[in-house]
Amino acid sequence: MIMATKARRHYELRVVPGKGSAYGLALFQSPLGTERGEEAELERVVQVWGDPLRAVMDQVLGVIKRAGYRPSELSASRKAPFTLGEEDAVRIGLLFQAVKPLKRHARIESISEHVRGMEPEELYYWFSKTAARDSASRAQRALRILMAGE
């Protein structure tokens, strides 16, 4: 009897240095089917910086803390990545994809609260849609409209 095993991905949150003390954050994931010990080039899922990042920093710090790091470890000078659990990585990735192009704080806050309250099944569904190369921008726009009502 052959047993199917659920493929797991490896996720990292990396600091992307900017000018001065500014920085952005990028979420990376391993290609599907690679094991943690295998050498595989991680793929960037999303990168965010500026006002959208500052507006969701509370969730970022919560994810970092749940991963076993101190929130104070997040700084522009950090070189080592933060290794994240799958659900936290998917949640922060979806949040980053949804808020990245936004300027209005009210919309960012609305989306942030919706993502925070999502059940895992809904979270994984939307992440798979918003990260798909062929339809990502349409799915991200649909998600923003659904959550922010605009």
# chains A, B, ... in the order shown; residues from 1 in each chain; ligands from 1
>>> closest_atom_pairs(of="segment 72-143 of chain A", to="segment 36-56 of chain A", cutoff="10 Å", atoms="only C-alpha atoms", output="CSV")
residue,atom,partner,partner_atom,distance
A:Val90,CA,A:Val45,CA,9.9
A:Ile92,CA,A:Val56,CA,9.3
A:Gly93,CA,A:Val46,CA,6.6
A:Leu94,CA,A:Val46,CA,8.8
A:Leu95,CA,A:Val56,CA,8.2
A:Phe96,CA,A:Val48,CA,6.2
A:Gln97,CA,A:Val46,CA,6.4
A:Ala98,CA,A:Pro52,CA,9.6
A:Val99,CA,A:Pro52,CA,5.9
A:Lys100,CA,A:Val48,CA,5.7
A:Pro101,CA,A:Pro52,CA,7.7
A:Leu102,CA,A:Pro52,CA,6.7
A:Lys103,CA,A:Pro52,CA,7.1
A:Arg104,CA,A:Pro52,CA,8.9
A:His105,CA,A:Ala55,CA,7.2
A:Ala106,CA,A:Ala55,CA,9.8
A:Ile108,CA,A:Pro52,CA,6.9
A:Glu109,CA,A:Ala55,CA,7.2
A:Ile111,CA,A:Val56,CA,9.7
A:Ser112,CA,A:Val56,CA,6.7
A:Glu113,CA,A:Val56,CA,9.6
A:Thr130,CA,A:Val45,CA,9.8
A:Ala131,CA,A:Val45,CA,6.9
A:Ala132,CA,A:Val45,CA,9.8
>>> write_last_selection(atoms="N, CA and C atoms", output="PDB file, in the first residue's frame")
ATOM      1  N   VAL A  90       1.474  31.715   4.937  1.00  0.00           N
ATOM      2  CA  VAL A  90       0.388  31.910   3.971  1.00  0.00           C
ATOM      3  C   VAL A  90      -0.444  33.125   4.373  1.00  0.00           C
ATOM      4  N   ILE A  92       0.500  35.800   6.155  1.00  0.00           N
ATOM      5  CA  ILE A  92       1.234  37.054   5.945  1.00  0.00           C
ATOM      6  C   ILE A  92       1.437  37.302   4.453  1.00  0.00           C
ATOM      7  N   GLY A  93       1.624  36.236   3.679  1.00  0.00           N
ATOM      8  CA  GLY A  93       1.755  36.378   2.230  1.00  0.00           C
ATOM      9  C   GLY A  93       0.488  36.914   1.594  1.00  0.00           C
ATOM     10  N   LEU A  94      -0.640  36.388   2.008  1.00  0.00           N
ATOM     11  CA  LEU A  94      -1.922  36.878   1.481  1.00  0.00           C
ATOM     12  C   LEU A  94      -2.135  38.334   1.871  1.00  0.00           C
ATOM     13  N   LEU A  95      -1.831  38.656   3.107  1.00  0.00           N
ATOM     14  CA  LEU A  95      -1.962  40.039   3.569  1.00  0.00           C
ATOM     15  C   LEU A  95      -1.090  40.975   2.745  1.00  0.00           C
ATOM     16  N   PHE A  96       0.168  40.600   2.528  1.00  0.00           N
ATOM     17  CA  PHE A  96       1.083  41.428   1.740  1.00  0.00           C
ATOM     18  C   PHE A  96       0.561  41.608   0.314  1.00  0.00           C
ATOM     19  N   GLN A  97       0.084  40.532  -0.303  1.00  0.00           N
ATOM     20  CA  GLN A  97      -0.421  40.624  -1.674  1.00  0.00           C
ATOM     21  C   GLN A  97      -1.628  41.550  -1.762  1.00  0.00           C
ATOM     22  N   ALA A  98      -2.468  41.518  -0.745  1.00  0.00           N
ATOM     23  CA  ALA A  98      -3.677  42.331  -0.766  1.00  0.00           C
ATOM     24  C   ALA A  98      -3.414  43.812  -0.516  1.00  0.00           C
ATOM     25  N   VAL A  99      -2.484  44.143   0.368  1.00  0.00           N
ATOM     26  CA  VAL A  99      -2.290  45.551   0.740  1.00  0.00           C
ATOM     27  C   VAL A  99      -1.175  46.251  -0.021  1.00  0.00           C
ATOM     28  N   LYS A 100      -0.336  45.498  -0.699  1.00  0.00           N
ATOM     29  CA  LYS A 100       0.850  46.065  -1.351  1.00  0.00           C
ATOM     30  C   LYS A 100       0.586  47.317  -2.195  1.00  0.00           C
ATOM     31  N   PRO A 101      -0.416  47.327  -3.076  1.00  0.00           N
ATOM     32  CA  PRO A 101      -0.585  48.515  -3.922  1.00  0.00           C
ATOM     33  C   PRO A 101      -1.431  49.634  -3.302  1.00  0.00           C
ATOM     34  N   LEU A 102      -1.939  49.422  -2.113  1.00  0.00           N
ATOM     35  CA  LEU A 102      -2.897  50.371  -1.541  1.00  0.00           C
ATOM     36  C   LEU A 102      -2.227  51.575  -0.895  1.00  0.00           C
ATOM     37  N   LYS A 103      -2.946  52.679  -0.900  1.00  0.00           N
ATOM     38  CA  LYS A 103      -2.467  53.912  -0.277  1.00  0.00           C
ATOM     39  C   LYS A 103      -3.350  54.317   0.912  1.00  0.00           C
ATOM     40  N   ARG A 104      -4.646  54.094   0.768  1.00  0.00           N
ATOM     41  CA  ARG A 104      -5.587  54.543   1.809  1.00  0.00           C
ATOM     42  C   ARG A 104      -5.554  53.613   3.014  1.00  0.00           C
ATOM     43  N   HIS A 105      -5.274  54.219   4.163  1.00  0.00           N
ATOM     44  CA  HIS A 105      -5.118  53.457   5.396  1.00  0.00           C
ATOM     45  C   HIS A 105      -6.402  52.703   5.777  1.00  0.00           C
ATOM     46  N   ALA A 106      -7.558  53.285   5.520  1.00  0.00           N
ATOM     47  CA  ALA A 106      -8.827  52.631   5.873  1.00  0.00           C
ATOM     48  C   ALA A 106      -8.993  51.312   5.124  1.00  0.00           C
ATOM     49  N   ILE A 108      -6.520  49.450   3.877  1.00  0.00           N
ATOM     50  CA  ILE A 108      -5.499  48.529   4.388  1.00  0.00           C
ATOM     51  C   ILE A 108      -5.960  47.922   5.707  1.00  0.00           C
ATOM     52  N   GLU A 109      -6.497  48.735   6.578  1.00  0.00           N
ATOM     53  CA  GLU A 109      -6.959  48.263   7.882  1.00  0.00           C
ATOM     54  C   GLU A 109      -8.115  47.272   7.738  1.00  0.00           C
ATOM     55  N   ILE A 111      -8.790  45.300   5.155  1.00  0.00           N
ATOM     56  CA  ILE A 111      -8.254  44.049   4.613  1.00  0.00           C
ATOM     57  C   ILE A 111      -7.457  43.310   5.685  1.00  0.00           C
ATOM     58  N   SER A 112      -6.679  44.031   6.457  1.00  0.00           N
ATOM     59  CA  SER A 112      -5.881  43.425   7.520  1.00  0.00           C
ATOM     60  C   SER A 112      -6.768  42.682   8.513  1.00  0.00           C
ATOM     61  N   GLU A 113      -7.857  43.280   8.909  1.00  0.00           N
ATOM     62  CA  GLU A 113      -8.780  42.637   9.857  1.00  0.00           C
ATOM     63  C   GLU A 113      -9.450  41.415   9.242  1.00  0.00           C
ATOM     64  N   THR A 130      -4.238  34.051  -5.349  1.00  0.00           N
ATOM     65  CA  THR A 130      -3.479  35.301  -5.495  1.00  0.00           C
ATOM     66  C   THR A 130      -2.006  35.070  -5.801  1.00  0.00           C
ATOM     67  N   ALA A 131      -1.527  33.855  -5.611  1.00  0.00           N
ATOM     68  CA  ALA A 131      -0.126  33.547  -5.912  1.00  0.00           C
ATOM     69  C   ALA A 131       0.038  32.848  -7.259  1.00  0.00           C
ATOM     70  N   ALA A 132      -1.066  32.473  -7.908  1.00  0.00           N
ATOM     71  CA  ALA A 132      -0.999  31.788  -9.208  1.00  0.00           C
ATOM     72  C   ALA A 132      -0.497  32.763 -10.265  1.00  0.00           C
TER      73      ALA A 132
END
>>> residues_around(residues="segment 85-87 of chain A", least_positions_apart="2", cutoff="10 Å", atoms="only C-alpha atoms", output="list in words")
Arg8, Arg9, His10, Tyr11, Glu12, Gln29, Val63, Ile64, Arg66, Ala67, Phe82, Thr83, Ala89, Val90, Arg91, Ile92, Gly93, Pro120, Leu123 and Tyr124 of chain A
>>> select_by_dssp(residues="chain A", states="helix (DSSP H, G or I)", output="JSON, numbers by chain")
{"A": [50, 51, 52, 53, 54, 55, 57, 58, 59, 60, 61, 62, 63, 64, 65, 66, 71, 72, 73, 86, 87, 88, 89, 90, 91, 92, 93, 94, 95, 96, 97, 98, 99, 105, 106, 107, 108, 109, 110, 111, 112, 113, 114, 115, 116, 117, 120, 121, 122, 123, 124, 125, 126, 127, 128, 129, 130, 131, 136, 137, 138, 139, 140, 141, 142, 143, 144, 145, 146, 147, 148]}
>>> residues_around(residues="Val16 of chain A", least_positions_apart="6", cutoff="12 Å", atoms="only C-alpha atoms", output="list in words")
Ala22, Tyr23, Gly24, Leu25, Ala26, Leu27, Phe28, Arg44, Val46, Gln47, Val48, Trp49, Gly50, Leu74, Ser75, Ala76, Ser77, Arg78, Lys79, Ala80 and Pro81 of chain A
>>> write_last_selection(atoms="N, CA and C atoms", output="PDB file, in the first residue's frame")
ATOM      1  N   ALA A  22      15.276  52.500   6.423  1.00  0.00           N
ATOM      2  CA  ALA A  22      14.073  51.944   5.797  1.00  0.00           C
ATOM      3  C   ALA A  22      14.342  50.516   5.317  1.00  0.00           C
ATOM      4  N   TYR A  23      13.300  49.716   5.309  1.00  0.00           N
ATOM      5  CA  TYR A  23      13.418  48.355   4.804  1.00  0.00           C
ATOM      6  C   TYR A  23      12.051  47.855   4.357  1.00  0.00           C
ATOM      7  N   GLY A  24      12.081  46.809   3.585  1.00  0.00           N
ATOM      8  CA  GLY A  24      10.877  46.107   3.178  1.00  0.00           C
ATOM      9  C   GLY A  24      10.974  44.678   3.659  1.00  0.00           C
ATOM     10  N   LEU A  25       9.923  43.923   3.441  1.00  0.00           N
ATOM     11  CA  LEU A  25       9.920  42.511   3.782  1.00  0.00           C
ATOM     12  C   LEU A  25       9.496  41.715   2.565  1.00  0.00           C
ATOM     13  N   ALA A  26      10.110  40.565   2.375  1.00  0.00           N
ATOM     14  CA  ALA A  26       9.773  39.680   1.263  1.00  0.00           C
ATOM     15  C   ALA A  26       9.529  38.283   1.809  1.00  0.00           C
ATOM     16  N   LEU A  27       8.473  37.649   1.320  1.00  0.00           N
ATOM     17  CA  LEU A  27       8.166  36.272   1.680  1.00  0.00           C
ATOM     18  C   LEU A  27       8.669  35.367   0.571  1.00  0.00           C
ATOM     19  N   PHE A  28       9.433  34.343   0.953  1.00  0.00           N
ATOM     20  CA  PHE A  28       9.963  33.359   0.015  1.00  0.00           C
ATOM     21  C   PHE A  28       9.429  31.985   0.390  1.00  0.00           C
ATOM     22  N   ARG A  44      10.533  34.015  -4.547  1.00  0.00           N
ATOM     23  CA  ARG A  44       9.885  35.150  -3.878  1.00  0.00           C
ATOM     24  C   ARG A  44       8.402  35.143  -4.227  1.00  0.00           C
ATOM     25  N   VAL A  46       6.084  37.502  -2.572  1.00  0.00           N
ATOM     26  CA  VAL A  46       5.641  38.900  -2.531  1.00  0.00           C
ATOM     27  C   VAL A  46       6.627  39.708  -1.696  1.00  0.00           C
ATOM     28  N   GLN A  47       6.721  40.981  -2.030  1.00  0.00           N
ATOM     29  CA  GLN A  47       7.561  41.908  -1.269  1.00  0.00           C
ATOM     30  C   GLN A  47       6.733  43.158  -1.019  1.00  0.00           C
ATOM     31  N   VAL A  48       6.852  43.715   0.163  1.00  0.00           N
ATOM     32  CA  VAL A  48       6.093  44.914   0.511  1.00  0.00           C
ATOM     33  C   VAL A  48       6.990  45.849   1.315  1.00  0.00           C
ATOM     34  N   TRP A  49       6.718  47.132   1.244  1.00  0.00           N
ATOM     35  CA  TRP A  49       7.506  48.158   1.928  1.00  0.00           C
ATOM     36  C   TRP A  49       6.628  49.381   2.116  1.00  0.00           C
ATOM     37  N   GLY A  50       7.143  50.386   2.770  1.00  0.00           N
ATOM     38  CA  GLY A  50       6.467  51.675   2.918  1.00  0.00           C
ATOM     39  C   GLY A  50       5.228  51.629   3.792  1.00  0.00           C
ATOM     40  N   LEU A  74      13.571  42.140  14.352  1.00  0.00           N
ATOM     41  CA  LEU A  74      13.220  42.698  13.044  1.00  0.00           C
ATOM     42  C   LEU A  74      13.809  44.101  12.930  1.00  0.00           C
ATOM     43  N   SER A  75      14.787  44.242  12.040  1.00  0.00           N
ATOM     44  CA  SER A  75      15.410  45.546  11.825  1.00  0.00           C
ATOM     45  C   SER A  75      15.985  45.598  10.415  1.00  0.00           C
ATOM     46  N   ALA A  76      16.314  46.793   9.974  1.00  0.00           N
ATOM     47  CA  ALA A  76      16.863  46.981   8.626  1.00  0.00           C
ATOM     48  C   ALA A  76      18.203  46.285   8.453  1.00  0.00           C
ATOM     49  N   SER A  77      18.916  46.050   9.529  1.00  0.00           N
ATOM     50  CA  SER A  77      20.251  45.450   9.422  1.00  0.00           C
ATOM     51  C   SER A  77      20.234  43.921   9.494  1.00  0.00           C
ATOM     52  N   ARG A  78      19.081  43.317   9.674  1.00  0.00           N
ATOM     53  CA  ARG A  78      19.011  41.863   9.810  1.00  0.00           C
ATOM     54  C   ARG A  78      19.379  41.175   8.502  1.00  0.00           C
ATOM     55  N   LYS A  79      20.253  40.195   8.592  1.00  0.00           N
ATOM     56  CA  LYS A  79      20.705  39.431   7.424  1.00  0.00           C
ATOM     57  C   LYS A  79      20.044  38.051   7.355  1.00  0.00           C
ATOM     58  N   ALA A  80      19.865  37.418   8.505  1.00  0.00           N
ATOM     59  CA  ALA A  80      19.297  36.069   8.545  1.00  0.00           C
ATOM     60  C   ALA A  80      17.785  36.120   8.316  1.00  0.00           C
ATOM     61  N   PRO A  81      17.250  35.161   7.570  1.00  0.00           N
ATOM     62  CA  PRO A  81      15.800  35.133   7.359  1.00  0.00           C
ATOM     63  C   PRO A  81      15.067  34.614   8.597  1.00  0.00           C
TER      64      PRO A  81
END
>>> atom_distance(atom1="atom CA of Ala136 of chain A", atom2="atom CA of Lys65 of chain A")
28.9 Å
>>> atom_distance(atom1="atom CA of Ser110 of chain A", atom2="atom CA of Ala148 of chain A")
5.7 Å
>>> select_by_dssp(residues="chain A", states="strand (DSSP E)", output="VMD selection string")
chain A and resid 11 to 17 23 to 29 43 to 48 82 to 84
>>> write_last_selection(atoms="N, CA and C atoms", output="PDB file, in the first residue's frame")
ATOM      1  N   TYR A  11       9.128  28.185   4.259  1.00  0.00           N
ATOM      2  CA  TYR A  11       8.865  29.609   4.083  1.00  0.00           C
ATOM      3  C   TYR A  11       9.854  30.438   4.881  1.00  0.00           C
ATOM      4  N   GLU A  12      10.293  31.530   4.268  1.00  0.00           N
ATOM      5  CA  GLU A  12      11.180  32.466   4.939  1.00  0.00           C
ATOM      6  C   GLU A  12      10.684  33.888   4.709  1.00  0.00           C
ATOM      7  N   LEU A  13      10.772  34.684   5.756  1.00  0.00           N
ATOM      8  CA  LEU A  13      10.497  36.110   5.670  1.00  0.00           C
ATOM      9  C   LEU A  13      11.853  36.796   5.756  1.00  0.00           C
ATOM     10  N   ARG A  14      12.182  37.565   4.724  1.00  0.00           N
ATOM     11  CA  ARG A  14      13.499  38.206   4.658  1.00  0.00           C
ATOM     12  C   ARG A  14      13.360  39.722   4.679  1.00  0.00           C
ATOM     13  N   VAL A  15      14.316  40.363   5.342  1.00  0.00           N
ATOM     14  CA  VAL A  15      14.393  41.822   5.358  1.00  0.00           C
ATOM     15  C   VAL A  15      15.100  42.264   4.081  1.00  0.00           C
ATOM     16  N   VAL A  16      14.498  43.219   3.389  1.00  0.00           N
ATOM     17  CA  VAL A  16      15.090  43.790   2.181  1.00  0.00           C
ATOM     18  C   VAL A  16      15.499  45.212   2.533  1.00  0.00           C
ATOM     19  N   PRO A  17      16.813  45.473   2.652  1.00  0.00           N
ATOM     20  CA  PRO A  17      17.260  46.801   3.074  1.00  0.00           C
ATOM     21  C   PRO A  17      16.896  47.879   2.055  1.00  0.00           C
ATOM     22  N   TYR A  23      13.300  49.716   5.309  1.00  0.00           N
ATOM     23  CA  TYR A  23      13.418  48.355   4.804  1.00  0.00           C
ATOM     24  C   TYR A  23      12.051  47.855   4.357  1.00  0.00           C
ATOM     25  N   GLY A  24      12.081  46.809   3.585  1.00  0.00           N
ATOM     26  CA  GLY A  24      10.877  46.107   3.178  1.00  0.00           C
ATOM     27  C   GLY A  24      10.974  44.678   3.659  1.00  0.00           C
ATOM     28  N   LEU A  25       9.923  43.923   3.441  1.00  0.00           N
ATOM     29  CA  LEU A  25       9.920  42.511   3.782  1.00  0.00           C
ATOM     30  C   LEU A  25       9.496  41.715   2.565  1.00  0.00           C
ATOM     31  N   ALA A  26      10.110  40.565   2.375  1.00  0.00           N
ATOM     32  CA  ALA A  26       9.773  39.680   1.263  1.00  0.00           C
ATOM     33  C   ALA A  26       9.529  38.283   1.809  1.00  0.00           C
ATOM     34  N   LEU A  27       8.473  37.649   1.320  1.00  0.00           N
ATOM     35  CA  LEU A  27       8.166  36.272   1.680  1.00  0.00           C
ATOM     36  C   LEU A  27       8.669  35.367   0.571  1.00  0.00           C
ATOM     37  N   PHE A  28       9.433  34.343   0.953  1.00  0.00           N
ATOM     38  CA  PHE A  28       9.963  33.359   0.015  1.00  0.00           C
ATOM     39  C   PHE A  28       9.429  31.985   0.390  1.00  0.00           C
ATOM     40  N   GLN A  29       9.261  31.138  -0.636  1.00  0.00           N
ATOM     41  CA  GLN A  29       8.839  29.758  -0.381  1.00  0.00           C
ATOM     42  C   GLN A  29       9.646  28.803  -1.239  1.00  0.00           C
ATOM     43  N   GLU A  43      11.674  30.737  -3.943  1.00  0.00           N
ATOM     44  CA  GLU A  43      10.996  31.663  -4.862  1.00  0.00           C
ATOM     45  C   GLU A  43      10.357  32.790  -4.060  1.00  0.00           C
ATOM     46  N   ARG A  44      10.533  34.015  -4.547  1.00  0.00           N
ATOM     47  CA  ARG A  44       9.885  35.150  -3.878  1.00  0.00           C
ATOM     48  C   ARG A  44       8.402  35.143  -4.227  1.00  0.00           C
ATOM     49  N   VAL A  45       7.566  35.207  -3.209  1.00  0.00           N
ATOM     50  CA  VAL A  45       6.125  35.232  -3.392  1.00  0.00           C
ATOM     51  C   VAL A  45       5.646  36.674  -3.504  1.00  0.00           C
ATOM     52  N   VAL A  46       6.084  37.502  -2.572  1.00  0.00           N
ATOM     53  CA  VAL A  46       5.641  38.900  -2.531  1.00  0.00           C
ATOM     54  C   VAL A  46       6.627  39.708  -1.696  1.00  0.00           C
ATOM     55  N   GLN A  47       6.721  40.981  -2.030  1.00  0.00           N
ATOM     56  CA  GLN A  47       7.561  41.908  -1.269  1.00  0.00           C
ATOM     57  C   GLN A  47       6.733  43.158  -1.019  1.00  0.00           C
ATOM     58  N   VAL A  48       6.852  43.715   0.163  1.00  0.00           N
ATOM     59  CA  VAL A  48       6.093  44.914   0.511  1.00  0.00           C
ATOM     60  C   VAL A  48       6.990  45.849   1.315  1.00  0.00           C
ATOM     61  N   PHE A  82      13.791  34.908   8.690  1.00  0.00           N
ATOM     62  CA  PHE A  82      12.916  34.340   9.705  1.00  0.00           C
ATOM     63  C   PHE A  82      12.254  33.123   9.065  1.00  0.00           C
ATOM     64  N   THR A  83      12.391  31.965   9.660  1.00  0.00           N
ATOM     65  CA  THR A  83      11.725  30.761   9.167  1.00  0.00           C
ATOM     66  C   THR A  83      10.329  30.720   9.776  1.00  0.00           C
ATOM     67  N   LEU A  84       9.317  30.610   8.921  1.00  0.00           N
ATOM     68  CA  LEU A  84       7.926  30.668   9.371  1.00  0.00           C
ATOM     69  C   LEU A  84       7.221  29.341   9.167  1.00  0.00           C
TER      70      LEU A  84
END
>>> closest_residue(among="A:Ser30, A:Ser21, A:Ser72, A:Gln59", to="Val115 of chain A", atoms="only C-alpha atoms")
A:Gln59
>>> decode(residues="segment 84-145 of chain A", atoms="C-alpha atoms", output="PDB file, in the first residue's frame")
ATOM      1  CA  LEU A  84       7.926  30.668   9.371  1.00  0.00           C
ATOM      2  CA  GLY A  85       5.331  27.958   9.805  1.00  0.00           C
ATOM      3  CA  GLU A  86       3.131  27.290   6.799  1.00  0.00           C
ATOM      4  CA  GLU A  87      -0.148  28.808   8.016  1.00  0.00           C
ATOM      5  CA  ASP A  88       1.519  31.967   9.344  1.00  0.00           C
ATOM      6  CA  ALA A  89       3.500  32.333   6.106  1.00  0.00           C
ATOM      7  CA  VAL A  90       0.388  31.910   3.971  1.00  0.00           C
ATOM      8  CA  ARG A  91      -1.517  34.415   6.134  1.00  0.00           C
ATOM      9  CA  ILE A  92       1.234  37.054   5.945  1.00  0.00           C
ATOM     10  CA  GLY A  93       1.755  36.378   2.230  1.00  0.00           C
ATOM     11  CA  LEU A  94      -1.922  36.878   1.481  1.00  0.00           C
ATOM     12  CA  LEU A  95      -1.962  40.039   3.569  1.00  0.00           C
ATOM     13  CA  PHE A  96       1.083  41.428   1.740  1.00  0.00           C
ATOM     14  CA  GLN A  97      -0.421  40.624  -1.674  1.00  0.00           C
ATOM     15  CA  ALA A  98      -3.677  42.331  -0.766  1.00  0.00           C
ATOM     16  CA  VAL A  99      -2.290  45.551   0.740  1.00  0.00           C
ATOM     17  CA  LYS A 100       0.850  46.065  -1.351  1.00  0.00           C
ATOM     18  CA  PRO A 101      -0.585  48.515  -3.922  1.00  0.00           C
ATOM     19  CA  LEU A 102      -2.897  50.371  -1.541  1.00  0.00           C
ATOM     20  CA  LYS A 103      -2.467  53.912  -0.277  1.00  0.00           C
ATOM     21  CA  ARG A 104      -5.587  54.543   1.809  1.00  0.00           C
ATOM     22  CA  HIS A 105      -5.118  53.457   5.396  1.00  0.00           C
ATOM     23  CA  ALA A 106      -8.827  52.631   5.873  1.00  0.00           C
ATOM     24  CA  ARG A 107      -8.722  50.038   3.078  1.00  0.00           C
ATOM     25  CA  ILE A 108      -5.499  48.529   4.388  1.00  0.00           C
ATOM     26  CA  GLU A 109      -6.959  48.263   7.882  1.00  0.00           C
ATOM     27  CA  SER A 110     -10.164  46.656   6.609  1.00  0.00           C
ATOM     28  CA  ILE A 111      -8.254  44.049   4.613  1.00  0.00           C
ATOM     29  CA  SER A 112      -5.881  43.425   7.520  1.00  0.00           C
ATOM     30  CA  GLU A 113      -8.780  42.637   9.857  1.00  0.00           C
ATOM     31  CA  HIS A 114     -10.424  40.336   7.306  1.00  0.00           C
ATOM     32  CA  VAL A 115      -7.204  38.369   6.744  1.00  0.00           C
ATOM     33  CA  ARG A 116      -6.649  38.122  10.506  1.00  0.00           C
ATOM     34  CA  GLY A 117     -10.096  36.549  10.927  1.00  0.00           C
ATOM     35  CA  MET A 118      -9.941  34.079   8.033  1.00  0.00           C
ATOM     36  CA  GLU A 119     -10.320  30.385   8.684  1.00  0.00           C
ATOM     37  CA  PRO A 120      -7.403  28.287   7.388  1.00  0.00           C
ATOM     38  CA  GLU A 121      -9.389  26.805   4.472  1.00  0.00           C
ATOM     39  CA  GLU A 122     -10.396  30.240   3.198  1.00  0.00           C
ATOM     40  CA  LEU A 123      -6.878  31.522   3.758  1.00  0.00           C
ATOM     41  CA  TYR A 124      -5.271  28.731   1.693  1.00  0.00           C
ATOM     42  CA  TYR A 125      -7.879  29.109  -1.063  1.00  0.00           C
ATOM     43  CA  TRP A 126      -7.227  32.827  -1.512  1.00  0.00           C
ATOM     44  CA  PHE A 127      -3.469  32.423  -1.220  1.00  0.00           C
ATOM     45  CA  SER A 128      -3.457  29.807  -3.980  1.00  0.00           C
ATOM     46  CA  LYS A 129      -5.486  32.138  -6.201  1.00  0.00           C
ATOM     47  CA  THR A 130      -3.479  35.301  -5.495  1.00  0.00           C
ATOM     48  CA  ALA A 131      -0.126  33.547  -5.912  1.00  0.00           C
ATOM     49  CA  ALA A 132      -0.999  31.788  -9.208  1.00  0.00           C
ATOM     50  CA  ARG A 133       1.142  33.255 -11.975  1.00  0.00           C
ATOM     51  CA  ASP A 134      -1.568  33.309 -14.632  1.00  0.00           C
ATOM     52  CA  SER A 135      -4.354  34.974 -12.640  1.00  0.00           C
ATOM     53  CA  ALA A 136      -2.718  36.584  -9.603  1.00  0.00           C
ATOM     54  CA  SER A 137      -3.556  40.222 -10.360  1.00  0.00           C
ATOM     55  CA  ARG A 138      -7.244  39.476 -11.004  1.00  0.00           C
ATOM     56  CA  ALA A 139      -7.509  37.396  -7.834  1.00  0.00           C
ATOM     57  CA  GLN A 140      -5.741  40.056  -5.752  1.00  0.00           C
ATOM     58  CA  ARG A 141      -8.090  42.720  -7.071  1.00  0.00           C
ATOM     59  CA  ALA A 142     -11.138  40.527  -6.374  1.00  0.00           C
ATOM     60  CA  LEU A 143      -9.912  39.906  -2.846  1.00  0.00           C
ATOM     61  CA  ARG A 144      -9.410  43.628  -2.208  1.00  0.00           C
ATOM     62  CA  ILE A 145     -12.896  44.405  -3.504  1.00  0.00           C
TER      63      ILE A 145
END
